[in-house]
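A.B. asks: Dumping the structure here so I can ask a few things about it.
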Amino acid sequence: TSPTLLRDYTPFSHLVDHVDLQFKLHPTATRVTARIKFRPNPVAPGQGFFLHGEQLKLIHATIDGTPVSPEISDTGLTCDVPDGPFTWEAEVEIAPETNTALEGLYMSNGMYCTQCEAEGFRKITYYPDRPDVMAPFDVTIECDLPVLLSNGNPVASGQWSDPWPKPAYLFALVAGDLVAVSGDFTTASGREVRLNIWVRRGDEGRCDYALDALKRSMRWDEEVYGREYDLDVFNIVAVDDFNMGAMENKGLNIFNSKYVLASPDTATDGDYANIEAIIAHEYFHNWTGNRITCRDWFQLCLKEGLTVFRDQQFSGDMRSQAVQRIEDVLTLRARQFREDNGPLAHPVRPEEYQEINNFYTATVYEKGAEVIGMLKRLVGDDGYKSALDLYFDRHDGDAATIEDWLNVFEDATGRDLGQFKRWYQQPGTPRLSVSETFNNGTYTLHFEQENPKAPHPQVIPIAVGLLSPNGDEVQPTDVLEMTETRQSFSFEGLASKPVPSLLRGFSAPVILQRNVTAADHAFLLTHDTDPFNRWEAGRALAKHGLTAMLVDGAAPDPLYLDGIATLVQDDTLDPAFRALTLGLPSQDDMAQSLFDAGVTPDPLSIYRARKMLLGAMAARLGEVIPDLRAALTPHGPYSPDAENAGKRALRNALLSLQTHLDTAPASQQFAAADNMTDQLAAFSALLQVGAGADVTAAFYDQWKGDRLVLDKWFALQTSLAPPEQAVEIARDLSDHADFNWKNPNRFRSVIGGFAMNAAGFHDPSGAGYDFVADWLIQLDGLNPQTAARMSTAFDTMARYDADRQALMRAALERIAAKPDLSRDMAEMVGRMLK
Ligand code: B3K
Ligand code: ZN
């Protein structure tokens with residue numbers, strides 16, 4: 001099939017004035033009648049009339065009441081239509097029960113639900129299923145289930161009316177035997193909004209946190225962006241079978257149940273933080289995505305990058321900006337840098353695709369958010385605010401583009417963003433190398449940028465501070481704006497050569513390349529006033545040390561051990577921050593760094609070096625751990641707030657180290673824990689040192705009836721299994737009676753968990769690759785979207801030795817050869833084999 005190209009965009013032949021949908025729900029024979037008012041599009045005259053439609057059985061079609069016989073293909077229909085306005089009516093039959101792709105209308109545990117983004121609506125009825133066609137929808141649902149929901153405001157039982165014109169990808173319908181946990185919210189201008197969280201009976205006790213997060217999101221968007229909610233109800237539904245995290249359908253958000261349901265005994269602090277962020281993200285889409293949507297799917301980052309940026313700001317405001325920033329950068333590097341370094345690299349605004357679902361990527365989302373962070377830094381907070389006000393003002397109701405987005409910044413601030421636009425157009429992570437000179441009190445930084453995947457220099461905001469050798473800050477943060485390939489910046493009047501703190505707050509998504517001694521890292525770890533760079537210095541020191549262990553057989557670096565020992569005991573610092581500084585670079589991070597340094601990474605050696613370093617950290621801290629942990633014990637009942645979660649994070653990071661010396665404290669904590677955070681932390685600590693047998697059995701006995709907790713049980717075992725046994729453990733778990741491979745969450749826990757176990761997945765025999773490839777082949781027949789997404793496990797092929805590369809390639813070729821391979825998987829595997 002030929003790819004879809006950005007440059008081929010043309011508007012649709014018609015405008016849609018109104019859509020009326022009637023559903024008669026039935027598991028195998030649902031009838032959908034669509035009555036659609038079309039009128040010729042004045043800016044696209046004379047084009048043929050084409051409606052998307054896939055896997056639909058057409059029962060009848062009329063235009064203005066007269067039967068018509070459209071020409072039907074696999075992808076849609078064409079039909080002769082009148083020159084002026086007309087009403088199209090079509091009745092189709094579909095089978096939600098056999099829809100295993102979970103796109104369009106499908107069933108989950110006896111409930112009906114939909115997922116239409118990006119192109120699922122065409123599996124519900126014939127329609128111009130493209131985001132630039134917006135219309136108000138009325139919906140009627142007939143079904144004997146008690147709860148019948150759709151977008152907009154309720155009119156009568158099973159009847160909904162959405163006054164806000166929307167593209168079809170925001171359509172949603174739910175029917176089920178559900179119960180609601182409800183609340184109320186009064187908007188700034190006085191609109192009373194009913195909030196409902198709909199869940200399966202029995203889950204009512206786990207909705208309070210999501211409801212509270214929703215209220216806080218609504219208030220925050222009013223206060224920070226001046227954006228109010230615009231309907232009388234806001235419904236959220238939790239669904240067990242869902243391909244992603246959640247979906248922002250207008251007035252009817254549908255969520256993967258793991259991002260709604262939480263109680264202290266079943267959800268970790270991390271789960272609570274994810275729920276807060278995702279509830280906010282989907283809510284924020286009401287303005288950035290729904291009121292202003294995308295002209296075409298190439299503009300996906302317009303709504304996703306911006307909405308991620310907004311949810312990150314929100315989480316930072318709710319918790320700690322410093323900790324939030326570190327966590328966001330960890331995710332960016334783990335997922336986006338990896339993508340940008342491999343065969344799946346693409347610009348934040350891609351220019352071609354075969355299957356758009358393959359482009360809901362870390363680049364579109366996370367790098368898309370970074371690009372907005374850079375814009376904000378360049379134009380300042382006030383400039384950002386006026387640009388956003390103009391954006392909402394000018395484009396409300398539009399299907400907009402990245403050009404529209406950049407234009408509001410240019411118009412609001414007078415800045416020329418011509419070069420900045422390259423961040424949207426060029427793939428690849430720029431490498432920023434730095435050298436320095438110091439002469440007569442003038443300190444000069446010389447930068448050079450190089451992007452291995454793109455030719456033109458990008459605008460790089462470099463936030464810099466300078467410290468004097470005694471640790472005082474002599475130059476507070478200043479943002480240098482680099483636009484050339486090579487550029488120097490000077491600071492005058494300095495008494496002595498300073499120590500620079502570069503890229504503070506991670507002011508640009510680049511890889512900083514600088515020859516820094518371990519002593520300089522250690523200096524910044526102690527003295528930097530920028531919390532991000534302080535953490536970064538510890539990270540760099542750890543990487544430095546691990547690299548020396550791997551390449552030169554060095555012993556763990558005492559400078560690092562001393563540095564973190566001091567830091568971790570510094571109780572003027574936020575425990576959540578201290579917990580983050582105890583985290584070592586991941587397996588994947590080390591593999592990429594070694595590869596960048598010209599060394600072929602061996603996952604097993606990395607595993608052993610990390611373990612040795614953890615052992616050394618445990619030995620260094622061993623004596624102080626018990627007192628430190630005792631001092632961090634939270635008082636009173638469990639609360640998921642940032643302060644308590646931060647204490648638990650540090651307490652449990654220390655437990656994990658302690659377990660390298662003695663397993664008793666973790667066993668005790670496992671047995672005594674009154675919350676999932678502490679129980680799971682003890683469980684993982686024991687698994688990591690190979691002492692998990694008893695607790696694995698005990699955890700299963702305790703939680704076998706709880707689907708979300710059982711997902712954790714599977715995922716921990718596959719992701720933490722020791723290298724030599726990992727394939728076998730994963731295989732056994734895939735034979736387990738509770739392994740339902742058709743449920744995406746369970747599949748991700750077992751197969752995805754294993755794929756993240758680097759040393760296991762990269763087992764030299766190739767058994768790990770084959771295990772994952774076999775499952776991807778099997779899942780591809782059922783759920784192409786989830787299967788294709790997980791194929792990214794193979795995107796690091798080029799880093800490894802010839803034997804591993806050959807084995808990975810063979811596994812990918814085996815997938816490629818599967819008969820009837822989905823378009824999703826064919827595109828992914830094709831890009832990786834290129
Ligand atoms: N917009 C959806 C993602 C849809 C993915 C379709 N494959 C969720 C989100 O980003 O909020
Ligand atoms: Zn989103």
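By order of appearance in the structure tokens: chains A, B, ..., then residues from 1 within every chain, and ligands from 1 in the order shown.
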Determine, using only C-alpha atoms, which residues of segment 240-342 of chain A have any atom at most 12 Å from an atom of segment 367-379 of chain A, and tabulate each with its shortest atom pair and distance in Å to one decimal place, rows ordered by chain and then rising number, as CSV.
C.D. replies:
```
residue,atom,partner,partner_atom,distance
A:Gln299,CA,A:Gly368,CA,10.7
A:Leu300,CA,A:Gly368,CA,9.3
A:Cys301,CA,A:Gly368,CA,5.7
A:Leu302,CA,A:Gly368,CA,8.0
A:Lys303,CA,A:Gly368,CA,9.2
A:Glu304,CA,A:Gly368,CA,7.2
A:Gly305,CA,A:Gly368,CA,4.0
A:Leu306,CA,A:Ala369,CA,5.8
A:Thr307,CA,A:Ala369,CA,7.7
A:Val308,CA,A:Ala369,CA,5.8
A:Phe309,CA,A:Ala369,CA,4.7
A:Arg310,CA,A:Ala369,CA,8.4
A:Asp311,CA,A:Ala369,CA,9.8
A:Gln312,CA,A:Ala369,CA,8.8
A:Gln313,CA,A:Gly373,CA,9.9
A:Arg325,CA,A:Glu370,CA,10.9
A:Asp328,CA,A:Glu370,CA,9.6
A:Val329,CA,A:Glu370,CA,9.3
A:Thr331,CA,A:Lys367,CA,10.4
A:Leu332,CA,A:Lys367,CA,7.2
A:Arg333,CA,A:Lys367,CA,9.8
A:Ala334,CA,A:Lys367,CA,11.9
A:Arg335,CA,A:Lys367,CA,9.9
A:Gln336,CA,A:Lys367,CA,6.8
A:Phe337,CA,A:Lys367,CA,9.0
A:Arg338,CA,A:Lys367,CA,11.8
A:Glu339,CA,A:Lys367,CA,10.6
A:Asp340,CA,A:Lys367,CA,9.8
```
A.B. asks: Could you write out that same residue set with C-alpha atoms as an mmCIF file, in the first residue's frame?
C.D. replies:
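File out-v6.cif, as written:
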```cif
data_model
loop_
_atom_site.group_PDB
_atom_site.id
_atom_site.type_symbol
_atom_site.label_atom_id
_atom_site.label_comp_id
_atom_site.auth_asym_id
_atom_site.auth_seq_id
_atom_site.Cartn_x
_atom_site.Cartn_y
_atom_site.Cartn_z
ATOM 1 C CA GLN A 299 -0.580 17.477 13.116
ATOM 2 C CA LEU A 300 -1.046 15.007 15.991
ATOM 3 C CA CYS A 301 1.622 16.726 18.123
ATOM 4 C CA LEU A 302 -0.494 19.897 18.001
ATOM 5 C CA LYS A 303 -2.841 18.319 20.514
ATOM 6 C CA GLU A 304 -0.616 15.656 22.073
ATOM 7 C CA GLY A 305 2.606 17.590 22.619
ATOM 8 C CA LEU A 306 0.662 20.496 24.063
ATOM 9 C CA THR A 307 -1.537 18.332 26.258
ATOM 10 C CA VAL A 308 1.446 16.406 27.616
ATOM 11 C CA PHE A 309 3.158 19.722 28.331
ATOM 12 C CA ARG A 310 0.036 20.859 30.199
ATOM 13 C CA ASP A 311 -0.301 17.663 32.218
ATOM 14 C CA GLN A 312 3.384 17.873 33.173
ATOM 15 C CA GLN A 313 2.894 21.456 34.370
ATOM 16 C CA ARG A 325 11.123 17.458 35.682
ATOM 17 C CA ASP A 328 9.820 13.560 32.702
ATOM 18 C CA VAL A 329 13.393 13.635 31.455
ATOM 19 C CA THR A 331 10.913 9.045 30.431
ATOM 20 C CA LEU A 332 12.004 11.193 27.519
ATOM 21 C CA ARG A 333 15.452 9.650 27.432
ATOM 22 C CA ALA A 334 14.257 6.115 27.978
ATOM 23 C CA ARG A 335 11.626 6.204 25.267
ATOM 24 C CA GLN A 336 12.124 9.136 22.928
ATOM 25 C CA PHE A 337 15.909 9.235 22.725
ATOM 26 C CA ARG A 338 15.853 5.516 22.096
ATOM 27 C CA GLU A 339 13.319 5.982 19.297
ATOM 28 C CA ASP A 340 15.225 8.918 17.821
#
```
A.B. asks: Set the cut-off to 6 Å, count only C-alpha atoms and all ligand atoms, and list whatever residues fall near ligand 1 as a PyMOL selection string.
C.D. replies: chain A and resi 117-118+246-248+282+304+357
A.B. asks: Work out how far atom CA of Phe121 of chain A is from atom CA of Pro350 of chain A, in Å to one decimal.
C.D. replies: 22.7 Å
A.B. asks: Residues at most 7 Å from segment 398-402 of chain A, counting only C-alpha atoms, excluding those fewer than 2 positions away in the same chain, as an NGL selection string?
C.D. replies: :A and (131-132 or 292-295 or 299 or 302 or 395-396 or 404-406)
A.B. asks: How would the residues just chosen look if you wrote them out with N, CA and C atoms as an mmCIF file, in the first residue's frame?
C.D. replies:
```cif
data_model
loop_
_atom_site.group_PDB
_atom_site.id
_atom_site.type_symbol
_atom_site.label_atom_id
_atom_site.label_comp_id
_atom_site.auth_asym_id
_atom_site.auth_seq_id
_atom_site.Cartn_x
_atom_site.Cartn_y
_atom_site.Cartn_z
ATOM 1 N N PRO A 131 -10.120 14.202 10.788
ATOM 2 C CA PRO A 131 -10.333 15.153 11.877
ATOM 3 C C PRO A 131 -10.781 16.547 11.446
ATOM 4 N N ASP A 132 -10.618 16.894 10.179
ATOM 5 C CA ASP A 132 -11.032 18.238 9.752
ATOM 6 C C ASP A 132 -12.513 18.318 9.389
ATOM 7 N N ILE A 292 -10.139 22.786 19.896
ATOM 8 C CA ILE A 292 -9.210 23.004 18.774
ATOM 9 C C ILE A 292 -8.600 21.649 18.441
ATOM 10 N N THR A 293 -8.959 21.129 17.284
ATOM 11 C CA THR A 293 -8.447 19.807 16.932
ATOM 12 C C THR A 293 -7.391 19.915 15.837
ATOM 13 N N CYS A 294 -7.064 18.788 15.205
ATOM 14 C CA CYS A 294 -5.990 18.757 14.210
ATOM 15 C C CYS A 294 -6.589 18.701 12.808
ATOM 16 N N ARG A 295 -5.958 19.390 11.875
ATOM 17 C CA ARG A 295 -6.444 19.375 10.500
ATOM 18 C C ARG A 295 -6.324 17.968 9.904
ATOM 19 N N GLN A 299 -0.641 16.405 12.107
ATOM 20 C CA GLN A 299 -0.580 17.477 13.116
ATOM 21 C C GLN A 299 -0.818 16.938 14.534
ATOM 22 N N LEU A 302 0.182 18.644 17.652
ATOM 23 C CA LEU A 302 -0.494 19.897 18.001
ATOM 24 C C LEU A 302 -1.335 19.701 19.252
ATOM 25 N N HIS A 395 -8.421 30.138 17.216
ATOM 26 C CA HIS A 395 -8.644 28.825 16.606
ATOM 27 C C HIS A 395 -9.741 27.988 17.254
ATOM 28 N N ASP A 396 -10.456 28.542 18.227
ATOM 29 C CA ASP A 396 -11.556 27.782 18.824
ATOM 30 C C ASP A 396 -12.486 27.305 17.706
ATOM 31 N N ASP A 404 -0.351 27.110 12.138
ATOM 32 C CA ASP A 404 -1.244 27.980 12.929
ATOM 33 C C ASP A 404 -0.661 28.205 14.324
ATOM 34 N N TRP A 405 -0.185 27.116 14.902
ATOM 35 C CA TRP A 405 0.374 27.168 16.254
ATOM 36 C C TRP A 405 1.572 28.108 16.327
ATOM 37 N N LEU A 406 2.511 27.956 15.385
ATOM 38 C CA LEU A 406 3.690 28.822 15.405
ATOM 39 C C LEU A 406 3.315 30.272 15.083
#
```
A.B. asks: Report as a compact mmCIF listing (two decimals) with C-alpha atoms, in the first residue's frame all protein, DNA and RNA residues lying within 8 Å of Glu827 of chain A, evaluated on only C-alpha atoms, omitting residues in the same chain fewer than 4 positions from it.
C.D. replies:
```txt
# COMPACT_ATOMS: atom_id res chain seq x y z
CA GLN A 354 1.16 3.75 6.44
CA GLU A 355 -0.80 3.29 9.66
CA ARG A 823 -0.71 -3.07 8.03
CA ARG A 831 11.00 0.19 9.09
```
A.B. asks: Can you tell me which residues surround segment 37-50 of chain A at a distance of at most 6 Å, considering only C-alpha atoms, apart from same-chain residues fewer than 5 positions away, and format the answer as a list in words?
C.D. replies: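 Those residues are Ser13, His14, Leu15, Val16, Asp17, His18, Leu77, Thr78, Pro85, Phe86 and Thr87 of chain A.
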A.B. asks: Given only C-alpha atoms and all ligand atoms as the basis, pick out the residue of A:Ala172, A:Ala280, A:Val68, A:Val133 nearest to ligand 2.
C.D. replies: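 Of A:Ala172, A:Ala280, A:Val68, A:Val133, the one nearest ligand 2 is A:Ala280, counting only C-alpha atoms and all ligand atoms.
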A.B. asks: Run DSSP on the backbone and tell me which residues of segment 153-353 of chain A come out as helix (DSSP H, G or I); list them as a ChimeraX atom specification.
C.D. replies: /A:168-170,204-206,208-225,257-259,269-284,297-318,321-341
A.B. asks: List the neighbours of segment 407-419 of chain A out to 12 Å using only C-alpha atoms; skip same-chain residues closer than 4 positions along the sequence, and give me the result as an mmCIF file with C-alpha atoms, in the first residue's frame.
C.D. replies:
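This went into around06.cif:
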```cif
data_model
loop_
_atom_site.group_PDB
_atom_site.id
_atom_site.type_symbol
_atom_site.label_atom_id
_atom_site.label_comp_id
_atom_site.auth_asym_id
_atom_site.auth_seq_id
_atom_site.Cartn_x
_atom_site.Cartn_y
_atom_site.Cartn_z
ATOM 1 C CA ILE A 372 6.726 23.571 23.714
ATOM 2 C CA MET A 374 11.646 25.324 24.675
ATOM 3 C CA LEU A 375 9.237 27.774 23.060
ATOM 4 C CA LYS A 376 8.078 28.872 26.480
ATOM 5 C CA LEU A 378 12.461 31.404 24.538
ATOM 6 C CA VAL A 379 9.437 33.731 24.653
ATOM 7 C CA GLY A 380 9.170 33.864 28.459
ATOM 8 C CA ASP A 381 6.150 33.196 30.666
ATOM 9 C CA ASP A 382 4.278 36.319 29.592
ATOM 10 C CA GLY A 383 4.916 35.672 25.909
ATOM 11 C CA TYR A 384 3.718 32.116 26.335
ATOM 12 C CA LYS A 385 0.551 33.271 28.049
ATOM 13 C CA SER A 386 -0.343 35.806 25.387
ATOM 14 C CA ALA A 387 0.399 33.290 22.613
ATOM 15 C CA LEU A 388 -1.868 30.704 24.223
ATOM 16 C CA ASP A 389 -4.650 33.244 24.750
ATOM 17 C CA LEU A 390 -4.395 34.120 21.085
ATOM 18 C CA TYR A 391 -4.370 30.450 20.103
ATOM 19 C CA PHE A 392 -7.645 29.748 21.949
ATOM 20 C CA ASP A 393 -9.166 32.944 20.707
ATOM 21 C CA ARG A 394 -8.219 32.574 17.082
ATOM 22 C CA HIS A 395 -8.644 28.825 16.606
ATOM 23 C CA ALA A 400 -5.551 23.546 13.039
ATOM 24 C CA THR A 401 -1.952 22.969 11.982
ATOM 25 C CA ILE A 402 1.540 23.431 13.380
ATOM 26 C CA GLU A 403 1.786 26.500 11.138
ATOM 27 C CA TRP A 423 12.186 21.019 15.745
ATOM 28 C CA TYR A 424 8.926 19.868 14.166
ATOM 29 C CA GLN A 425 10.478 18.869 10.864
ATOM 30 C CA GLN A 426 13.824 17.240 11.577
ATOM 31 C CA HIS A 456 20.322 22.043 9.545
ATOM 32 C CA PRO A 457 21.217 23.638 12.892
ATOM 33 C CA GLN A 458 18.310 23.966 15.315
ATOM 34 C CA VAL A 459 17.525 26.702 17.814
ATOM 35 C CA ILE A 460 18.802 25.431 21.156
ATOM 36 C CA MET A 482 22.131 28.961 20.060
ATOM 37 C CA THR A 483 21.155 29.154 16.404
ATOM 38 C CA GLU A 484 24.379 28.368 14.525
#
```
A.B. asks: Could you name the residues that touch Leu582 of chain A at 10 Å or less, counting only C-alpha atoms, but leaving out those on the same chain fewer than 5 positions away, as an mmCIF file with N, CA and C atoms, in the first residue's frame?
C.D. replies:
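Here's the written file result_10.cif:
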```
data_model
loop_
_atom_site.group_PDB
_atom_site.id
_atom_site.type_symbol
_atom_site.label_atom_id
_atom_site.label_comp_id
_atom_site.auth_asym_id
_atom_site.auth_seq_id
_atom_site.Cartn_x
_atom_site.Cartn_y
_atom_site.Cartn_z
ATOM 1 N N TRP A 535 20.837 16.455 40.230
ATOM 2 C CA TRP A 535 20.516 15.049 39.982
ATOM 3 C C TRP A 535 21.311 14.526 38.788
ATOM 4 N N GLY A 538 24.818 13.503 39.553
ATOM 5 C CA GLY A 538 24.893 12.183 40.187
ATOM 6 C C GLY A 538 24.745 11.082 39.150
ATOM 7 N N ARG A 539 23.847 11.326 38.237
ATOM 8 C CA ARG A 539 23.601 10.378 37.168
ATOM 9 C C ARG A 539 24.850 10.192 36.300
ATOM 10 N N ALA A 542 27.439 8.243 38.088
ATOM 11 C CA ALA A 542 27.113 6.815 38.092
ATOM 12 C C ALA A 542 27.455 6.190 36.736
ATOM 13 N N ILE A 564 26.750 10.052 46.874
ATOM 14 C CA ILE A 564 25.354 9.736 47.176
ATOM 15 C C ILE A 564 25.143 9.466 48.655
ATOM 16 N N ALA A 565 26.180 8.981 49.326
ATOM 17 C CA ALA A 565 26.032 8.746 50.765
ATOM 18 C C ALA A 565 25.771 10.067 51.482
ATOM 19 N N LEU A 567 24.540 12.836 50.065
ATOM 20 C CA LEU A 567 23.286 13.402 49.607
ATOM 21 C C LEU A 567 22.070 12.717 50.240
ATOM 22 N N VAL A 568 22.149 11.400 50.316
ATOM 23 C CA VAL A 568 20.982 10.657 50.773
ATOM 24 C C VAL A 568 20.701 10.930 52.260
ATOM 25 N N PHE A 577 13.363 13.565 45.911
ATOM 26 C CA PHE A 577 14.555 13.907 45.129
ATOM 27 C C PHE A 577 15.707 12.968 45.494
ATOM 28 N N LEU A 614 25.226 -1.804 42.793
ATOM 29 C CA LEU A 614 24.184 -1.758 43.824
ATOM 30 C C LEU A 614 24.690 -2.392 45.120
ATOM 31 N N MET A 617 26.910 0.093 46.764
ATOM 32 C CA MET A 617 26.126 1.164 47.394
ATOM 33 C C MET A 617 25.532 0.656 48.703
ATOM 34 N N LEU A 650 11.914 6.996 49.079
ATOM 35 C CA LEU A 650 13.275 6.908 49.598
ATOM 36 C C LEU A 650 13.433 5.702 50.525
ATOM 37 N N ALA A 653 13.642 2.728 48.336
ATOM 38 C CA ALA A 653 14.903 2.653 47.586
ATOM 39 C C ALA A 653 15.997 2.127 48.520
ATOM 40 N N LEU A 654 15.949 2.574 49.766
ATOM 41 C CA LEU A 654 16.930 2.094 50.742
ATOM 42 C C LEU A 654 16.693 0.620 51.073
ATOM 43 N N LEU A 657 18.282 -1.497 48.438
ATOM 44 C CA LEU A 657 19.727 -1.648 48.642
ATOM 45 C C LEU A 657 20.022 -2.605 49.799
#
```
A.B. asks: Taking into account only C-alpha atoms and all ligand atoms, which residue in the set A:Glu327, A:Glu366, A:Asp64, A:Asp212 is nearest to ligand 2?
C.D. replies: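 Among the listed residues, A:Glu366 lies closest to ligand 2.
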A.B. asks: Considering only C-alpha atoms and all ligand atoms, state which residue in the set A:Gly636, A:Gly245, A:Pro764, A:Pro575 is at the smallest distance from ligand 2.
C.D. replies: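 The shortest atom-to-atom distance to ligand 2 comes from A:Gly245.
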A.B. asks: Would you tabulate, counting only C-alpha atoms, all residues of segment 252-310 of chain A that have an atom at most 12 Å from an atom of segment 739-754 of chain A, showing the closest pair of atoms and their distance in Å to one decimal, sorted by chain then ascending number, as a tab-separated table?
C.D. replies:
```
residue	atom	partner	partner_atom	distance
A:Asn256	CA	A:Asn745	CA	8.7
A:Ser257	CA	A:Asn745	CA	9.6
A:Lys258	CA	A:Asn745	CA	8.5
A:Tyr259	CA	A:Asn745	CA	11.3
```
A.B. asks: As a PyMOL selection string, please: every residue in segment 244-326 of chain A that a backbone DSSP assignment puts in strand (DSSP E or B).
C.D. replies: chain A and resi 246-247+252-256+288+292-294
A.B. asks: Write a file of the selected residues as a PDB file, in the first residue's frame, keeping C-alpha atoms.
C.D. replies:
```pdb
ATOM      1  CA  ALA A 246      -7.290   6.597  27.982  1.00  0.00           C
ATOM      2  CA  MET A 247      -9.259   8.574  25.413  1.00  0.00           C
ATOM      3  CA  LEU A 252     -17.238  10.916  27.747  1.00  0.00           C
ATOM      4  CA  ASN A 253     -13.646   9.982  28.479  1.00  0.00           C
ATOM      5  CA  ILE A 254     -12.943   6.262  28.310  1.00  0.00           C
ATOM      6  CA  PHE A 255     -10.107   4.954  30.441  1.00  0.00           C
ATOM      7  CA  ASN A 256      -8.111   1.820  30.814  1.00  0.00           C
ATOM      8  CA  THR A 288      -6.311  21.296  23.398  1.00  0.00           C
ATOM      9  CA  ILE A 292      -9.210  23.004  18.774  1.00  0.00           C
ATOM     10  CA  THR A 293      -8.447  19.807  16.932  1.00  0.00           C
ATOM     11  CA  CYS A 294      -5.990  18.757  14.210  1.00  0.00           C
TER      12      CYS A 294
END
```
A.B. asks: Looking at only C-alpha atoms, which of A:Pro427, A:Ala579, A:Gly441, A:Leu432 is the one that sits closest to Arg514 of chain A?
C.D. replies: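 Checking each of A:Pro427, A:Ala579, A:Gly441, A:Leu432 against Arg514 of chain A, counting only C-alpha atoms, the winner is A:Leu432.
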A.B. asks: Nearest to Leu604 of chain A among A:Pro784, A:Pro3, A:Gly316, A:Pro722, with distances taken over only C-alpha atoms: which residue is it?
C.D. replies: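 Selected residue with least distance to Leu604 of chain A: A:Pro722.
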A.B. asks: Can you check which parts of segment 261-281 of chain A lie within 9 Å of segment 199-206 of chain A? Per residue, the shortest pair of atoms and distance in Å to one decimal, counting only C-alpha atoms, sorted by chain and number, as JSON lines.
C.D. replies:
```
{"residue": "A:Leu261", "atom": "CA", "partner": "A:Arg206", "partner_atom": "CA", "distance": 4.9}
{"residue": "A:Ala262", "atom": "CA", "partner": "A:Arg206", "partner_atom": "CA", "distance": 4.7}
{"residue": "A:Ser263", "atom": "CA", "partner": "A:Arg206", "partner_atom": "CA", "distance": 5.2}
{"residue": "A:Pro264", "atom": "CA", "partner": "A:Arg206", "partner_atom": "CA", "distance": 9.0}
```
A.B. asks: I need the residue nearest ligand 2 from this list: A:Ala697, A:Ile279, A:Ala619, A:Met790. Use only C-alpha atoms and all ligand atoms for the distance.
C.D. replies: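 Residue with the minimum atom-to-atom distance to ligand 2: A:Ile279.
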